[in-house]
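Visitor: work-v3.cif is reproduced below (mmCIF, C-alpha atoms).
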```cif
data_final
#
loop_
_atom_site.label_atom_id
_atom_site.label_comp_id
_atom_site.auth_asym_id
_atom_site.auth_seq_id
_atom_site.Cartn_x
_atom_site.Cartn_y
_atom_site.Cartn_z
CA MET A 96 20.50 -40.97 1.72
CA THR A 97 22.85 -38.41 0.33
CA THR A 98 21.77 -35.16 -1.25
CA ILE A 99 22.87 -36.43 -4.65
CA SER A 100 20.71 -39.56 -4.45
CA ILE A 101 17.71 -37.54 -3.19
CA ASN A 102 18.08 -35.08 -6.07
CA ARG A 103 18.53 -37.95 -8.50
CA ASN A 104 15.34 -39.64 -7.22
CA ARG A 105 13.42 -36.36 -7.48
CA LEU A 106 14.71 -35.85 -11.01
CA LEU A 107 13.75 -39.40 -12.02
CA SER A 108 10.30 -38.94 -10.47
CA PHE A 109 9.86 -35.66 -12.33
CA ALA A 110 11.04 -37.23 -15.60
CA GLY A 111 8.59 -40.09 -15.12
CA GLN A 112 5.78 -37.61 -14.54
CA VAL A 113 6.75 -35.65 -17.66
CA GLY A 114 6.82 -38.94 -19.62
CA LYS A 115 3.36 -39.93 -18.40
CA PHE A 116 2.06 -36.43 -19.16
CA GLY A 117 3.52 -36.75 -22.65
CA ALA A 118 1.91 -40.16 -23.21
CA VAL A 119 -1.48 -38.90 -22.06
CA GLY A 120 -0.97 -35.80 -24.17
CA LEU A 121 -0.15 -37.97 -27.18
CA VAL A 122 -3.52 -39.71 -26.84
CA GLY A 123 -5.21 -36.32 -26.52
CA PHE A 124 -3.21 -35.08 -29.51
CA VAL A 125 -4.38 -37.98 -31.68
CA VAL A 126 -7.99 -37.32 -30.66
CA ASP A 127 -7.56 -33.58 -31.27
CA VAL A 128 -5.88 -33.86 -34.69
CA ALA A 129 -8.14 -36.64 -35.96
CA VAL A 130 -11.37 -34.91 -34.95
CA PHE A 131 -10.13 -31.48 -36.07
CA THR A 132 -9.06 -32.74 -39.50
CA LEU A 133 -12.27 -34.71 -39.95
CA LEU A 134 -14.46 -31.73 -39.03
CA ARG A 135 -12.27 -29.19 -40.89
CA THR A 136 -12.50 -31.19 -44.12
CA THR A 137 -16.20 -32.06 -43.90
CA VAL A 138 -18.75 -30.17 -41.82
CA PHE A 139 -16.69 -27.10 -40.89
CA THR A 140 -14.88 -26.27 -44.12
CA PRO A 141 -14.32 -22.54 -44.61
CA GLU A 142 -16.43 -22.82 -47.77
CA ASN A 143 -19.42 -24.00 -45.71
CA MET A 144 -18.81 -21.80 -42.69
CA HIS A 145 -16.41 -18.85 -42.38
CA ALA A 146 -15.45 -19.67 -38.76
CA GLY A 147 -15.46 -23.40 -39.46
CA PRO A 148 -11.83 -24.03 -38.47
CA ILE A 149 -12.40 -22.33 -35.12
CA TYR A 150 -15.52 -24.42 -34.39
CA ALA A 151 -13.72 -27.58 -35.45
CA LYS A 152 -10.86 -26.75 -33.09
CA ILE A 153 -13.20 -26.06 -30.16
CA ILE A 154 -14.93 -29.44 -30.60
CA SER A 155 -11.73 -31.41 -31.13
CA THR A 156 -9.99 -29.81 -28.18
CA THR A 157 -12.97 -30.40 -25.91
CA LEU A 158 -12.87 -34.11 -26.71
CA ALA A 159 -9.11 -34.16 -26.14
CA ILE A 160 -9.60 -32.43 -22.76
CA VAL A 161 -11.91 -35.23 -21.65
CA ALA A 162 -9.35 -37.86 -22.68
CA ASN A 163 -6.56 -35.94 -20.94
CA TRP A 164 -8.63 -35.50 -17.76
CA VAL A 165 -9.03 -39.24 -17.37
CA GLY A 166 -5.38 -40.01 -18.14
CA ASN A 167 -3.88 -37.30 -15.98
CA ARG A 168 -6.22 -37.80 -13.02
CA PHE A 169 -5.75 -41.54 -12.76
CA TRP A 170 -2.26 -42.08 -14.15
CA THR A 171 0.07 -39.07 -14.45
CA PHE A 172 -0.94 -37.36 -11.20
CA GLY A 173 -2.89 -40.27 -9.70
CA GLU A 174 -1.08 -40.31 -6.37
CA HIS A 175 -1.63 -36.56 -5.96
CA ARG A 176 -5.25 -36.24 -6.97
CA GLN A 177 -7.53 -34.54 -4.50
CA THR A 178 -10.45 -36.08 -2.69
CA ARG A 179 -12.65 -33.26 -3.99
CA ALA A 180 -13.06 -34.48 -7.57
CA LEU A 181 -15.50 -31.74 -8.58
CA ARG A 182 -13.18 -28.94 -7.49
CA GLU A 183 -10.22 -30.64 -9.11
CA GLY A 184 -12.23 -31.20 -12.29
CA LEU A 185 -13.23 -27.55 -12.47
CA GLU A 186 -9.62 -26.46 -11.95
CA PHE A 187 -8.50 -28.93 -14.62
CA LEU A 188 -11.16 -27.58 -16.97
CA ALA A 189 -10.11 -23.96 -16.32
CA VAL A 190 -6.46 -24.72 -17.06
CA SER A 191 -7.43 -26.77 -20.12
CA LEU A 192 -9.63 -24.00 -21.48
CA VAL A 193 -6.80 -21.48 -21.19
CA GLY A 194 -4.55 -24.03 -22.92
CA MET A 195 -7.20 -24.38 -25.62
CA GLY A 196 -7.26 -20.59 -25.91
CA ILE A 197 -3.52 -20.60 -26.57
CA GLY A 198 -4.01 -23.08 -29.44
CA LEU A 199 -6.99 -21.12 -30.78
CA ALA A 200 -5.00 -17.88 -30.68
CA CYS A 201 -2.22 -19.49 -32.71
CA LEU A 202 -4.77 -20.79 -35.23
CA TRP A 203 -6.58 -17.45 -35.43
CA ILE A 204 -3.36 -15.49 -35.99
CA SER A 205 -2.14 -17.91 -38.64
CA HIS A 206 -5.48 -18.31 -40.46
CA TYR A 207 -6.98 -14.84 -40.24
CA VAL A 208 -4.05 -12.47 -39.69
CA LEU A 209 -1.22 -14.10 -41.64
CA GLY A 210 -3.53 -15.64 -44.28
CA TYR A 211 -2.27 -19.24 -44.09
CA THR A 212 -5.56 -21.01 -44.79
CA SER A 213 -4.66 -24.53 -45.89
CA VAL A 214 -5.47 -27.58 -43.77
CA LEU A 215 -1.73 -28.13 -43.27
CA ALA A 216 -1.18 -24.54 -42.11
CA ASP A 217 -4.16 -24.77 -39.75
CA ASN A 218 -2.80 -28.02 -38.29
CA ILE A 219 0.72 -26.62 -37.87
CA SER A 220 -0.48 -23.44 -36.18
CA SER A 221 -2.94 -25.13 -33.84
CA ASN A 222 -1.54 -28.62 -33.39
CA VAL A 223 2.19 -27.92 -33.39
CA ILE A 224 2.84 -24.36 -32.24
CA GLY A 225 -0.35 -23.92 -30.20
CA LEU A 226 -0.10 -27.39 -28.71
CA ALA A 227 3.53 -26.91 -27.66
CA LEU A 228 2.84 -23.59 -25.96
CA GLY A 229 -0.39 -24.85 -24.40
CA SER A 230 1.25 -28.06 -23.16
CA VAL A 231 3.95 -26.23 -21.25
CA PHE A 232 1.31 -23.98 -19.70
CA ARG A 233 -0.94 -26.92 -18.77
CA PHE A 234 1.82 -29.11 -17.32
CA VAL A 235 3.06 -26.35 -15.03
CA LEU A 236 -0.42 -25.52 -13.73
CA TYR A 237 -1.51 -29.16 -13.41
CA ARG A 238 1.64 -30.02 -11.46
CA TYR A 239 1.80 -26.99 -9.20
CA TRP A 240 -1.88 -26.13 -8.80
CA VAL A 241 -4.49 -28.73 -9.81
CA PHE A 242 -2.63 -31.88 -8.71
CA SER A 243 -0.14 -30.26 -6.32
CA PRO A 244 1.00 -32.66 -3.58
CA SER A 245 1.19 -29.72 -1.17
CA ARG A 246 -2.49 -28.89 -1.72
CA ARG A 247 -3.45 -32.47 -1.05
CA GLY A 248 -1.40 -32.47 2.14
CA ALA A 249 -2.85 -29.14 3.21
CA ALA A 250 -6.38 -30.41 2.61
CA ALA A 251 -5.69 -33.56 4.63
CA GLU A 252 -4.21 -31.49 7.46
CA LEU A 253 -7.24 -29.20 7.45
CA GLU A 254 -9.61 -32.16 7.58
CA ALA A 255 -7.60 -33.68 10.43
CA ASP A 256 -7.66 -30.37 12.31
CA LEU A 257 -11.40 -30.09 11.81
CA ASP A 258 -11.92 -33.65 12.98
CA SER A 259 -9.72 -33.15 16.06
CA SER A 260 -11.40 -29.85 16.97
CA ALA A 261 -14.89 -31.33 16.81
CA PRO A 262 -16.29 -32.10 20.26
CA THR A 263 -16.48 -35.72 21.32
CA ALA A 264 -19.74 -37.37 22.35
CA MET A 265 -18.77 -37.04 26.02
CA GLU A 266 -18.05 -33.32 25.57
CA LEU A 267 -21.40 -32.86 23.81
CA ASP A 268 -23.17 -34.59 26.70
CA ALA A 269 -21.43 -32.30 29.20
CA ILE A 270 -22.38 -29.22 27.16
CA GLU A 271 -25.99 -30.38 26.95
CA LEU A 272 -26.11 -31.08 30.70
CA HIS A 273 -24.67 -27.63 31.42
CA ALA A 274 -27.28 -26.02 29.13
CA VAL A 275 -30.08 -27.89 30.93
CA ARG A 276 -28.75 -26.72 34.32
CA LEU A 277 -28.55 -23.11 33.13
CA GLN A 278 -32.08 -23.30 31.78
CA ALA A 279 -33.39 -24.73 35.09
CA LYS A 280 -31.55 -22.04 37.05
CA ALA A 281 -33.02 -19.33 34.81
CA GLN A 282 -36.55 -20.75 35.29
CA ALA A 283 -36.08 -20.90 39.08
CA GLN A 284 -34.97 -17.26 39.19
CA ALA A 285 -37.93 -16.21 37.00
CA GLN A 286 -40.44 -17.69 39.50
#
```
Could you show the structure in this file as structure tokens?
Guide:
Amino acid sequence: MTTISINRNRLLSFAGQVGKFGAVGLVGFVVDVAVFTLLRTTVFTPENMHAGPIYAKIISTTLAIVANWVGNRFWTFGEHRQTRALREGLEFLAVSLVGMGIGLACLWISHYVLGYTSVLADNISSNVIGLALGSVFRFVLYRYWVFSPSRRGAAAELEADLDSSAPTAMELDAIELHAVRLQAKAQAQAQ
């Protein structure tokens, strides 16, 4: 293959991954906006609770994170997911929470600092500006940290090294026999 075709294949692969990430993100976005708007206009209105928009955003984003976790783990980055699901899940959660913090910061600045308090303004600040900034942050860290192909390869190499450095059954028998001989020799010298 020529360098041009390799670069073209890498670019197409990257574009496909960005497209999948966008599709999964769109599902998460729908969950986030629908739940946020529902909570913001009912239970967590500013009239009922001063920090209502913030609580609504935390709940809606948490539900969107769960939807995104499933989609990204099994579809977008499926071939690069790690065998250690708990570790990967915690890393995904950490990145997602920082991404949520970016959206919350945008909402907080718009709502409480700039004074834009309408439902539309809250949605624009958190679900347009905050989501765009958070999405770029999340994609980069998901791709190069959480679901990094190099980390998966490094983990597989480490496991292979550990497996190959473990003694075989025959080596364990020889070690045990040697230990028994040393123990018998030590007992004979003690008598």
Visitor: Would you kindly return, as a VMD selection string, each protein, DNA or RNA residue with an atom no farther than 10 Å from any atom of Tyr150 in chain A, considering only C-alpha atoms and excluding same-chain residues fewer than 2 positions away?
Guide: chain A and resid 131 134 to 135 138 to 140 144 to 148 152 to 156 199
Visitor: Between CA of Thr178 in chain A and CA of Tyr237 in chain A, what distance in Å does the model show, to one decimal?
Guide: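 Atom-to-atom, CA of Thr178 in chain A to CA of Tyr237 in chain A, that is 15.6 Å.
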Visitor: Taking the file as I've supplied it (selection: the PyMOL selection byres ((chain A and resi 107-114) around 10)), which residues are included? Please answer as a list of chain:residue names.
Guide: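 Evaluating the PyMOL selection byres ((chain A and resi 107-114) around 10) on this file yields A:Ile101, A:Asn102, A:Arg103, A:Asn104, A:Arg105, A:Leu106, A:Lys115, A:Phe116, A:Gly117, A:Ala118, A:Val119, A:Gly120, A:Asn167, A:Trp170, A:Thr171, A:Phe172, A:Phe234, A:Arg238.
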Visitor: Nearest to Trp164 in chain A: which of A:Val241, A:Asn218, A:Thr212, A:Gln282 is it, counting all atoms listed in the file?
Guide: A:Val241
Visitor: Go ahead and compute the interatomic distance for CA of Phe124 in chain A and CA of Ser245 in chain A, in Å to one decimal.
Guide: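 CA of Phe124 in chain A sits 29.2 Å away from CA of Ser245 in chain A.
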Visitor: I'd like to see the residues matched by the PyMOL selection byres ((chain A and resi 228-233) around 10) on this file, and ideally I'd get them as a short mmCIF file (atom, residue, chain, number, x, y, z; two decimals) with C-alpha atoms, in the coordinates of the input.
Guide:
```cif
data_model
loop_
_atom_site.label_atom_id
_atom_site.label_comp_id
_atom_site.auth_asym_id
_atom_site.auth_seq_id
_atom_site.Cartn_x
_atom_site.Cartn_y
_atom_site.Cartn_z
CA PHE A 116 2.06 -36.43 -19.16
CA GLY A 117 3.52 -36.75 -22.65
CA GLY A 120 -0.97 -35.80 -24.17
CA PHE A 187 -8.50 -28.93 -14.62
CA ALA A 189 -10.11 -23.96 -16.32
CA VAL A 190 -6.46 -24.72 -17.06
CA SER A 191 -7.43 -26.77 -20.12
CA LEU A 192 -9.63 -24.00 -21.48
CA VAL A 193 -6.80 -21.48 -21.19
CA GLY A 194 -4.55 -24.03 -22.92
CA MET A 195 -7.20 -24.38 -25.62
CA GLY A 196 -7.26 -20.59 -25.91
CA ILE A 197 -3.52 -20.60 -26.57
CA GLY A 198 -4.01 -23.08 -29.44
CA LEU A 199 -6.99 -21.12 -30.78
CA CYS A 201 -2.22 -19.49 -32.71
CA SER A 221 -2.94 -25.13 -33.84
CA ASN A 222 -1.54 -28.62 -33.39
CA VAL A 223 2.19 -27.92 -33.39
CA ILE A 224 2.84 -24.36 -32.24
CA GLY A 225 -0.35 -23.92 -30.20
CA LEU A 226 -0.10 -27.39 -28.71
CA ALA A 227 3.53 -26.91 -27.66
CA PHE A 234 1.82 -29.11 -17.32
CA VAL A 235 3.06 -26.35 -15.03
CA LEU A 236 -0.42 -25.52 -13.73
CA TYR A 237 -1.51 -29.16 -13.41
CA ARG A 238 1.64 -30.02 -11.46
CA TYR A 239 1.80 -26.99 -9.20
CA VAL A 241 -4.49 -28.73 -9.81
#
```
Visitor: Closest to Arg179 in chain A among A:Lys280, A:Ala216, A:Val208, A:Arg246, using all atoms listed in the file?
Guide: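 Of A:Lys280, A:Ala216, A:Val208, A:Arg246, the one nearest Arg179 in chain A, counting all atoms listed in the file, is A:Arg246.
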Visitor: Hey, what comes out of the PyMOL selection byres ((chain A and resi 175) around 7) on this file? Could you write it as an mmCIF file with C-alpha atoms, in the coordinates of the input?
Guide:
```
data_model
loop_
_atom_site.group_PDB
_atom_site.id
_atom_site.type_symbol
_atom_site.label_atom_id
_atom_site.label_comp_id
_atom_site.auth_asym_id
_atom_site.auth_seq_id
_atom_site.Cartn_x
_atom_site.Cartn_y
_atom_site.Cartn_z
ATOM 1 C CA PHE A 172 -0.940 -37.360 -11.200
ATOM 2 C CA GLY A 173 -2.890 -40.270 -9.700
ATOM 3 C CA GLU A 174 -1.080 -40.310 -6.370
ATOM 4 C CA ARG A 176 -5.250 -36.240 -6.970
ATOM 5 C CA GLN A 177 -7.530 -34.540 -4.500
ATOM 6 C CA PHE A 242 -2.630 -31.880 -8.710
ATOM 7 C CA SER A 243 -0.140 -30.260 -6.320
ATOM 8 C CA PRO A 244 1.000 -32.660 -3.580
ATOM 9 C CA ARG A 247 -3.450 -32.470 -1.050
#
```
Visitor: Using only the atoms of range 197-213 of chain A listed in the file, plus 3 Å on each side, state the axis-aligned box centre and edge lengths in Å rounded to one decimal, as AutoDock Vina command-line options.
Guide:
```
--center_x -4.1 --center_y -18.5 --center_z -36.2 --size_x 11.8 --size_y 18.1 --size_z 25.3
```
Visitor: Which value, in Å to one decimal, gives the distance between CA of Ser205 in chain A and CA of Ile149 in chain A?
Guide: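 Separating CA of Ser205 in chain A from CA of Ile149 in chain A is a distance of 11.7 Å.
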Visitor: Go through A:Ala200, A:Ile219, A:Gly123, A:Ile160 and flag the residue nearest Leu185 in chain A, using only C-alpha atoms for the distances.
Guide: A:Ile160
Visitor: With all atoms listed in the file as the basis for distance, which of A:Leu188, A:Gly166, A:Pro141, A:Ala180 is at the shortest distance from His206 in chain A?
Guide: A:Pro141
